[in-house]
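**Student:** My structure file target.txt, compact mmCIF, C-alpha atoms, is below:
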# COMPACT_ATOMS: atom_id res chain seq x y z
CA MET A 1 -2.95 30.81 21.26
CA THR A 2 0.76 30.05 21.37
CA PRO A 3 2.04 28.73 18.00
CA ALA A 4 2.63 24.99 17.99
CA ALA A 5 6.26 23.88 18.27
CA VAL A 6 7.17 21.50 15.45
CA ARG A 7 10.32 19.38 15.73
CA THR A 8 11.74 16.09 14.56
CA ALA A 9 11.42 13.09 16.83
CA VAL A 10 14.16 11.74 19.06
CA PRO A 11 14.59 8.18 20.38
CA ALA A 12 13.10 9.23 23.70
CA ASP A 13 9.83 9.93 21.88
CA ASP A 14 9.37 6.29 20.87
CA PRO A 15 7.03 5.35 23.76
CA ALA A 16 4.90 8.46 23.15
CA LEU A 17 4.74 7.72 19.41
CA ALA A 18 3.62 4.17 20.06
CA ALA A 19 1.00 5.40 22.55
CA LEU A 20 -0.38 7.97 20.09
CA TRP A 21 -0.62 5.42 17.28
CA ARG A 22 -2.30 2.89 19.57
CA ARG A 23 -4.87 5.47 20.51
CA CYS A 24 -5.61 6.59 16.95
CA PHE A 25 -5.27 3.36 14.93
CA ASP A 26 -6.16 -0.29 15.17
CA ALA A 27 -2.89 -1.16 13.42
CA PRO A 28 -0.27 -2.61 15.78
CA GLN A 29 2.16 -3.07 12.88
CA ILE A 30 2.80 0.69 12.60
CA THR A 31 5.64 0.68 15.13
CA ALA A 32 7.43 -2.18 13.34
CA LEU A 33 7.03 -0.46 9.97
CA HIS A 34 8.35 2.79 11.42
CA ALA A 35 11.47 0.94 12.59
CA LEU A 36 12.35 -0.07 9.01
CA ASP A 37 13.77 3.39 8.26
CA PRO A 38 17.21 3.87 9.87
CA ASP A 39 16.64 7.65 9.64
CA ARG A 40 13.13 7.43 11.05
CA HIS A 41 13.60 10.00 13.81
CA ARG A 42 14.62 12.81 11.47
CA HIS A 43 11.83 11.73 9.10
CA THR A 44 9.24 11.91 11.90
CA PHE A 45 7.74 15.31 12.70
CA VAL A 46 5.91 15.88 15.95
CA VAL A 47 4.15 18.51 18.01
CA PRO A 48 4.84 17.95 21.72
CA GLY A 49 1.91 18.03 24.11
CA ALA A 50 1.59 19.86 27.38
CA GLY A 51 2.49 16.89 29.57
CA GLU A 52 5.79 15.06 29.80
CA GLY A 53 5.99 12.18 27.34
CA VAL A 54 2.90 13.35 25.43
CA LEU A 55 2.75 14.11 21.72
CA ASP A 56 -0.16 16.03 20.23
CA ALA A 57 0.43 15.10 16.57
CA VAL A 58 2.76 13.22 14.25
CA VAL A 59 3.47 12.97 10.52
CA VAL A 60 6.02 10.50 9.15
CA TYR A 61 7.86 10.85 5.87
CA VAL A 62 8.75 7.38 4.56
CA PRO A 63 11.39 7.36 1.78
CA ARG A 64 10.45 4.86 -0.93
CA THR A 65 11.71 3.95 -4.39
CA ILE A 66 8.74 4.01 -6.76
CA ARG A 67 8.62 3.72 -10.53
CA ASP A 68 7.54 6.70 -12.63
CA ALA A 69 5.42 6.75 -15.80
CA ASP A 70 8.37 5.35 -17.79
CA GLY A 71 9.14 2.65 -15.23
CA ALA A 72 12.24 4.42 -13.91
CA PRO A 73 12.85 4.24 -10.13
CA ARG A 74 12.47 7.58 -8.34
CA ARG A 75 12.83 8.58 -4.70
CA VAL A 76 9.34 9.34 -3.43
CA GLY A 77 8.25 10.64 -0.07
CA GLY A 78 5.48 8.50 1.35
CA ILE A 79 3.39 10.19 4.02
CA GLY A 80 2.01 7.88 6.66
CA SER A 81 1.21 7.27 10.32
CA VAL A 82 -0.50 10.67 10.52
CA ALA A 83 -2.19 11.03 13.89
CA THR A 84 -3.49 13.78 16.16
CA ARG A 85 -4.49 13.33 19.77
CA PRO A 86 -8.28 13.87 19.92
CA GLU A 87 -7.93 16.70 22.45
CA ALA A 88 -5.54 18.54 20.09
CA ARG A 89 -7.61 18.38 16.90
CA GLY A 90 -8.84 21.49 15.12
CA ARG A 91 -5.60 23.45 15.60
CA GLY A 92 -4.07 22.88 12.16
CA LEU A 93 -1.25 20.73 13.53
CA VAL A 94 -1.19 18.30 10.62
CA ARG A 95 -0.77 21.16 8.15
CA LEU A 96 2.25 22.44 10.11
CA LEU A 97 3.77 18.97 10.19
CA LEU A 98 3.16 18.41 6.47
CA ALA A 99 5.02 21.65 5.71
CA ALA A 100 8.01 20.41 7.72
CA ALA A 101 7.88 17.04 5.98
CA GLU A 102 7.70 18.74 2.56
CA ARG A 103 10.88 20.71 3.27
CA ALA A 104 12.69 17.55 4.32
CA MET A 105 11.50 15.58 1.28
CA ARG A 106 12.69 18.30 -1.09
CA ALA A 107 16.06 18.51 0.66
CA GLU A 108 16.50 14.74 0.35
CA GLY A 109 15.77 14.63 -3.37
CA CYS A 110 12.19 13.34 -3.48
CA ALA A 111 10.62 13.76 -6.91
CA TRP A 112 7.11 13.78 -5.45
CA SER A 113 5.07 12.68 -2.46
CA LEU A 114 2.42 9.99 -2.15
CA LEU A 115 -0.18 9.16 0.47
CA PHE A 116 -3.39 7.16 0.84
CA THR A 117 -6.29 8.38 2.94
CA GLY A 118 -10.00 8.28 3.53
CA THR A 119 -9.96 11.96 4.54
CA PRO A 120 -8.53 13.84 1.53
CA GLY A 121 -9.67 17.22 2.80
CA VAL A 122 -6.95 17.11 5.44
CA TYR A 123 -4.28 17.16 2.71
CA ARG A 124 -5.73 19.20 -0.18
CA GLY A 125 -4.85 22.51 1.43
CA SER A 126 -1.22 21.41 1.67
CA GLY A 127 -0.90 20.67 -2.04
CA TRP A 128 -1.78 16.98 -2.37
CA GLU A 129 -4.30 16.08 -5.08
CA GLU A 130 -6.44 12.95 -5.47
CA PHE A 131 -6.05 10.44 -8.25
CA GLY A 132 -8.28 7.54 -9.15
CA SER A 133 -7.53 3.84 -8.97
CA GLY A 134 -9.65 1.11 -10.49
CA CYS A 135 -11.56 -1.50 -8.55
CA VAL A 136 -13.77 -4.29 -9.89
CA GLU A 137 -16.44 -5.86 -7.70
CA GLY A 138 -19.29 -8.28 -8.00
CA ARG A 139 -20.86 -11.55 -6.88
CA LEU A 140 -18.69 -14.64 -6.72
CA ALA A 141 -19.10 -16.83 -9.77
CA PRO A 142 -20.05 -20.51 -9.46
CA ALA A 143 -17.15 -22.90 -9.03
CA PRO A 144 -15.42 -23.22 -12.43
CA ALA A 145 -13.89 -26.33 -13.92
CA ALA A 146 -10.32 -27.15 -12.94
CA GLY A 147 -7.60 -25.66 -15.13
CA GLU A 148 -4.14 -26.76 -16.11
CA PHE A 149 -2.38 -24.96 -13.24
CA ARG A 150 -2.12 -26.57 -9.82
CA ILE A 151 -3.02 -24.01 -7.16
CA ARG A 152 -1.75 -24.35 -3.62
CA ALA A 153 -0.93 -22.28 -0.56
CA ALA A 154 2.44 -20.60 -0.72
CA THR A 155 5.15 -21.74 1.69
CA ALA A 156 8.22 -20.10 3.16
CA ARG A 157 10.31 -21.98 0.59
CA ASP A 158 8.49 -20.10 -2.17
CA ALA A 159 9.68 -16.70 -0.91
CA PRO A 160 12.58 -16.26 -3.40
CA GLU A 161 10.39 -17.31 -6.34
CA VAL A 162 7.56 -15.01 -5.21
CA ALA A 163 9.98 -12.07 -4.99
CA ALA A 164 11.28 -12.92 -8.48
CA LEU A 165 7.72 -13.03 -9.85
CA TYR A 166 7.10 -9.60 -8.32
CA ARG A 167 10.25 -8.12 -9.83
CA ALA A 168 9.46 -9.44 -13.30
CA TYR A 169 5.77 -8.51 -13.30
CA ASN A 170 6.46 -4.96 -12.05
CA ALA A 171 9.79 -4.38 -13.81
CA ASP A 172 8.53 -1.23 -15.53
CA ARG A 173 5.06 -0.79 -14.02
CA PRO A 174 4.29 2.80 -12.96
CA LEU A 175 3.55 3.48 -9.31
CA THR A 176 4.98 0.18 -8.05
CA THR A 177 7.63 0.02 -5.35
CA VAL A 178 11.10 -1.45 -5.79
CA ARG A 179 10.92 -3.78 -2.78
CA SER A 180 13.91 -4.40 -0.54
CA ALA A 181 14.68 -7.51 1.47
CA GLU A 182 13.38 -5.66 4.53
CA ASP A 183 10.10 -4.96 2.76
CA TRP A 184 9.61 -8.66 2.09
CA ALA A 185 10.59 -9.57 5.65
CA VAL A 186 8.51 -6.96 7.50
CA ARG A 187 6.32 -4.66 5.38
CA VAL A 188 4.64 -7.21 3.11
CA PRO A 189 3.77 -9.64 5.97
CA ALA A 190 2.53 -6.70 8.06
CA TRP A 191 -0.16 -5.95 5.47
CA TYR A 192 -0.78 -9.42 3.99
CA GLY A 193 -0.05 -11.78 6.85
CA PRO A 194 2.13 -14.91 6.56
CA LEU A 195 3.12 -16.11 3.11
CA ASP A 196 1.16 -19.35 3.56
CA GLY A 197 -2.04 -17.29 3.49
CA THR A 198 -1.40 -16.47 -0.17
CA LEU A 199 -1.71 -18.66 -3.28
CA VAL A 200 0.73 -19.80 -5.93
CA ALA A 201 0.10 -21.39 -9.30
CA GLU A 202 2.57 -24.07 -10.35
CA ASP A 203 3.88 -24.30 -13.89
CA PRO A 204 2.46 -27.60 -15.21
CA ARG A 205 5.77 -28.41 -16.92
CA THR A 206 8.29 -27.63 -14.18
CA GLY A 207 6.27 -27.39 -10.96
CA ALA A 208 7.86 -23.99 -10.25
CA PRO A 209 5.67 -21.06 -9.14
CA ALA A 210 4.25 -19.30 -12.21
CA GLY A 211 1.98 -16.87 -10.39
CA TRP A 212 1.20 -15.47 -6.94
CA LEU A 213 -2.07 -14.05 -5.61
CA VAL A 214 -2.98 -12.25 -2.40
CA ALA A 215 -6.65 -12.47 -1.44
CA ARG A 216 -7.99 -11.61 2.00
CA HIS A 217 -11.37 -11.75 3.73
CA GLU A 218 -12.45 -8.25 4.79
CA GLU A 219 -15.82 -8.26 6.54
CA GLU A 220 -18.30 -9.55 3.93
CA TRP A 221 -15.88 -9.19 1.00
CA LEU A 222 -13.14 -11.27 -0.56
CA GLU A 223 -10.45 -8.68 -1.37
CA VAL A 224 -7.94 -9.51 -4.13
CA ARG A 225 -5.00 -7.24 -3.37
CA GLU A 226 -2.03 -8.33 -5.47
CA PHE A 227 -0.98 -10.55 -8.34
CA ALA A 228 2.36 -11.26 -9.97
CA GLY A 229 3.32 -13.78 -12.61
CA ALA A 230 2.24 -15.14 -15.97
CA PRO A 231 -1.16 -13.69 -17.02
CA GLU A 232 -2.36 -17.10 -18.20
CA CYS A 233 -2.42 -18.43 -14.62
CA LEU A 234 -4.40 -15.52 -13.15
CA GLY A 235 -7.77 -17.10 -13.92
CA ALA A 236 -6.88 -20.28 -12.06
CA LEU A 237 -5.65 -18.28 -9.07
CA LEU A 238 -8.83 -16.18 -8.98
CA ALA A 239 -10.95 -19.31 -9.20
CA ALA A 240 -9.10 -20.81 -6.23
CA ALA A 241 -9.50 -17.60 -4.26
CA GLY A 242 -13.23 -17.64 -5.03
CA GLU A 243 -13.47 -21.21 -3.80
CA ARG A 244 -11.88 -20.17 -0.52
CA GLY A 245 -14.27 -17.24 -0.27
CA ARG A 246 -17.34 -19.39 -0.81
CA ALA A 247 -16.07 -21.88 1.80
CA ALA A 248 -15.88 -18.98 4.25
CA GLY A 249 -19.48 -18.00 3.51
CA LEU A 250 -18.69 -14.99 1.32
CA ASP A 251 -20.60 -14.16 -1.84
CA ARG A 252 -18.92 -10.95 -3.03
CA ALA A 253 -15.42 -9.92 -4.05
CA ARG A 254 -13.39 -6.82 -4.85
CA VAL A 255 -10.40 -6.98 -7.18
CA ARG A 256 -7.66 -4.35 -7.17
CA LEU A 257 -5.49 -5.39 -10.11
CA PRO A 258 -4.25 -3.40 -13.13
CA ASP A 259 -6.84 -2.79 -15.83
CA GLU A 260 -5.17 -4.93 -18.50
CA PRO A 261 -6.39 -7.49 -21.07
CA GLY A 262 -5.10 -10.41 -18.98
CA THR A 263 -7.02 -9.21 -15.95
CA ALA A 264 -10.23 -8.71 -17.92
CA ALA A 265 -9.97 -12.19 -19.42
CA ALA A 266 -9.47 -13.80 -16.00
CA LEU A 267 -12.17 -11.98 -14.01
CA PRO A 268 -15.09 -14.24 -15.07
CA ARG A 269 -13.35 -17.07 -13.20
CA LEU A 270 -14.07 -15.12 -9.99
CA LEU A 271 -16.94 -12.71 -10.62
CA ALA A 272 -20.36 -13.40 -12.10
CA ASP A 273 -21.25 -9.74 -12.69
CA ALA A 274 -18.06 -7.66 -12.68
CA ARG A 275 -18.64 -3.93 -12.21
CA ARG A 276 -15.76 -1.47 -12.52
CA THR A 277 -15.61 1.48 -10.13
CA THR A 278 -13.02 4.14 -9.37
CA GLU A 279 -11.73 4.89 -5.88
CA TYR A 280 -10.11 8.17 -4.89
CA VAL A 281 -7.97 7.32 -1.88
CA GLY A 282 -4.56 8.07 -3.39
CA MET A 283 -3.09 11.58 -3.31
CA ALA A 284 0.11 12.94 -4.86
CA ARG A 285 2.09 16.15 -4.53
CA PRO A 286 4.85 17.27 -6.91
CA LEU A 287 8.13 18.19 -5.22
CA LEU A 288 11.18 18.24 -7.51
CA ALA A 289 9.38 16.66 -10.48
CA PRO A 290 7.02 18.78 -12.61
CA ALA A 291 3.32 18.33 -11.95
CA PRO A 292 2.57 16.84 -15.41
CA ALA A 293 5.16 14.10 -14.83
CA VAL A 294 3.59 13.18 -11.50
CA ARG A 295 0.09 13.14 -12.96
CA ALA A 296 1.34 10.96 -15.83
CA THR A 297 2.67 8.43 -13.31
CA VAL A 298 -0.43 8.10 -11.15
CA THR A 299 -2.75 7.90 -14.18
CA ALA A 300 -0.57 5.71 -16.43
CA PRO A 301 -2.20 2.61 -17.97
CA GLY A 302 -1.50 -0.38 -15.74
CA ALA A 303 -0.27 1.78 -12.86
CA VAL A 304 -0.86 0.30 -9.42
CA HIS A 305 0.45 0.81 -5.91
CA TRP A 306 0.11 -2.54 -4.19
CA TYR A 307 -1.48 -2.63 -0.74
CA GLY A 308 1.55 -4.52 0.58
CA ASP A 309 3.67 -1.39 0.12
CA CYS A 310 1.54 0.81 2.39
CA PHE A 311 3.41 3.26 4.55
Re-express the file's structure as structure tokens.
**Tutor:**
Amino acid sequence: MTPAAVRTAVPADDPALAALWRRCFDAPQITALHALDPDRHRHTFVVPGAGEGVLDAVVVYVPRTIRDADGAPRRVGGIGSVATRPEARGRGLVRLLLAAAERAMRAEGCAWSLLFTGTPGVYRGSGWEEFGSGCVEGRLAPAPAAGEFRIRAATARDAPEVAALYRAYNADRPLTTVRSAEDWAVRVPAWYGPLDGTLVAEDPRTGAPAGWLVARHEEEWLEVREFAGAPECLGALLAAAGERGRAAGLDRARVRLPDEPGTAAALPRLLADARRTTEYVGMARPLLAPAPAVRATVTAPGAVHWYGDCF
């Protein structure tokens, strides 16, 4: 068999990339997310197919600024949008593309690489290793009594305050992304939907947003995907999210928030029988940083990579 030809993408590949992603994923936002990187073509590695305008496989390296175990921002190579045309599978194409992406990430100063997957075996042989992330799940609790915080849907006018809450809450939190204006405009809505689908808690003294919560309905689950703000308002936000879930006919919820005292204290407002589990969907690979430093980041207390920062 002739060795596969690996190269970086060119603008003329854009229709073929979009076609491959449409075929492999039910995620129409991938093309818009890919466009966020001005250097996307040299960060996109492809194997051309036999026909004109056909690509057999693709791996994208997404440069991100992510905090390390000490909270310091580091350049990290996110790996995403990995796809292989069904007819081309079983030829080791992804491994070839990952090797090309690794060389590029090292050359561009990436401390380490990060990806999230449901098929870790594809990446283990190329040096990525799993790490655990906490998840709490259980039955929705009965409606609690009203608290001191007024909970309402966020609006577009809340966007600056929500971004400020995010910056403050994650100022030194390991594994979180330093979000840009483009992230807030494109990436976060791509994964969470419009801002008015999220919740804010108002400070009872000033009326300003004191907390922000993202909760989404996923099949039979209410999924709590992100929080930022004052810990004392988290319980009220979770209670409001639970009320929405019950109104939609749901009776179970999953919470993906940092394992911290404030989270533990607030969970009974949402869950009647909270059970903590560990998921292994994240994978990391040291590049310029030593392996112990990378492991310290992904396993640090309170570390979290928010779903809204997916590649």
**Student:** Need to verify the contact set: A:Ala107, 12 Å, all atoms listed in the file, exclusion of same-chain residues closer than 2 positions in sequence. Can you return it as a list in words?
**Tutor:**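 The residues that qualify are His43, Arg75, Gly77, Ala100, Ala101, Glu102, Arg103, Ala104, Met105, Gly109, Cys110, Ala111, Trp112, Leu287 and Leu288 of chain A.
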**Student:** Ranking A:Leu175, A:Ala83, A:Leu17, A:Ala201 by minimum distance to A:Glu148 and counting all atoms listed in the file, which one comes first?
**Tutor:**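 Closest to A:Glu148, using all atoms listed in the file: A:Ala201.
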**Student:** In terms of the shortest atom-to-atom distance over all atoms listed in the file, which of A:Ala32, A:Ala27, A:Val304, A:Leu234 is closest to A:Ala264?
**Tutor:**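 For A:Ala264, the nearest of the candidates is A:Leu234.
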**Student:** I'd like to know which of A:Arg173, A:Val46, A:Gly134, A:Val62 is closest to A:Asp259, using only C-alpha atoms.
**Tutor:** A:Gly134
**Student:** Within 9 Å of A:Gly118, counting only C-alpha atoms, which residues show up once you throw out same-chain ones fewer than 2 positions away? Write them as a PyMOL selection string, please.
**Tutor:** chain A and resi 116+120-121+280-282
**Student:** So how many Å separate atom CA of A:Leu195 and atom CA of A:Arg139, to one decimal?
**Tutor:** 26.4 Å
**Student:** Given the point (-2.9, -17.7, -10.8) in the coordinates of this file, which residues lie within 7 Å, counting only C-alpha atoms, and how would they look as a list in words?
**Tutor:**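 Residues lying no farther than 7 Å from the given point: Val200, Ala201, Gly211, Trp212, Leu213, Cys233, Leu234, Gly235, Ala236, Leu237 and Leu238 of chain A.
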**Student:** Please determine, counting all atoms listed in the file, which residue among A:Met283, A:Ala50, A:Ala253, A:Leu199 has the shortest atom-to-atom distance to A:Glu137.
**Tutor:** A:Ala253
**Student:** Got a sec: who's within 10 Å of A:Gly207, counting all atoms listed in the file, leaving out chain neighbours fewer than 4 positions off, as a count of residues only?
**Tutor:** 5
**Student:** Could you check how far atom CA of A:Leu267 sits from atom CA of A:Arg67, in Å to one decimal?
**Tutor:** 26.3 Å
**Student:** Which value, in Å to one decimal, gives the distance between atom CA of A:Tyr61 and atom CA of A:Val10?
**Tutor:**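 Here the two named atoms are 14.6 Å from each other.
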**Student:** Closest to A:Glu220 among A:Arg23, A:Asp273, A:Leu140, A:Ala171, using only C-alpha atoms?
**Tutor:**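 Closest residue, counting only C-alpha atoms: A:Leu140.
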**Student:** Find the spatial neighbours of A:Thr176, counting all atoms listed in the file, within a cut-off of 9 Å - ignore same-chain residues fewer than 3 positions away - and output them as a list in words.
**Tutor:**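 My reading of the contact set: Thr65, Ile66, Arg67, Asp68, Gly71, Asn170, Ala171, Asp172, Arg173, Arg179, Ala303, Val304, His305, Trp306 and Asp309 of chain A.
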**Student:** Give the answer as one residue: which of A:Pro268, A:Pro290, A:Gly229, A:Pro73 has the shortest atom-to-atom distance to A:Arg167, using all atoms listed in the file?
**Tutor:**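 Selected residue with least distance to A:Arg167: A:Gly229.
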**Student:** Excluding A:Ala19 and its own-chain neighbours fewer than 6 positions away, which residues fall within 10 Å of it when counting all atoms listed in the file? Please give them as JSON, numbers by chain.
**Tutor:** {"A": [13, 31, 53, 54, 55]}
**Student:** With 5 Å of padding per side, what axis-aligned box (centre and edge lengths, Å, one decimal) covers all the listed atoms of stretch 2-14 of chain A? Give it as JSON.
**Tutor:**
{"center_x": 7.7, "center_y": 18.2, "center_z": 19.1, "size_x": 23.8, "size_y": 33.8, "size_z": 19.1}
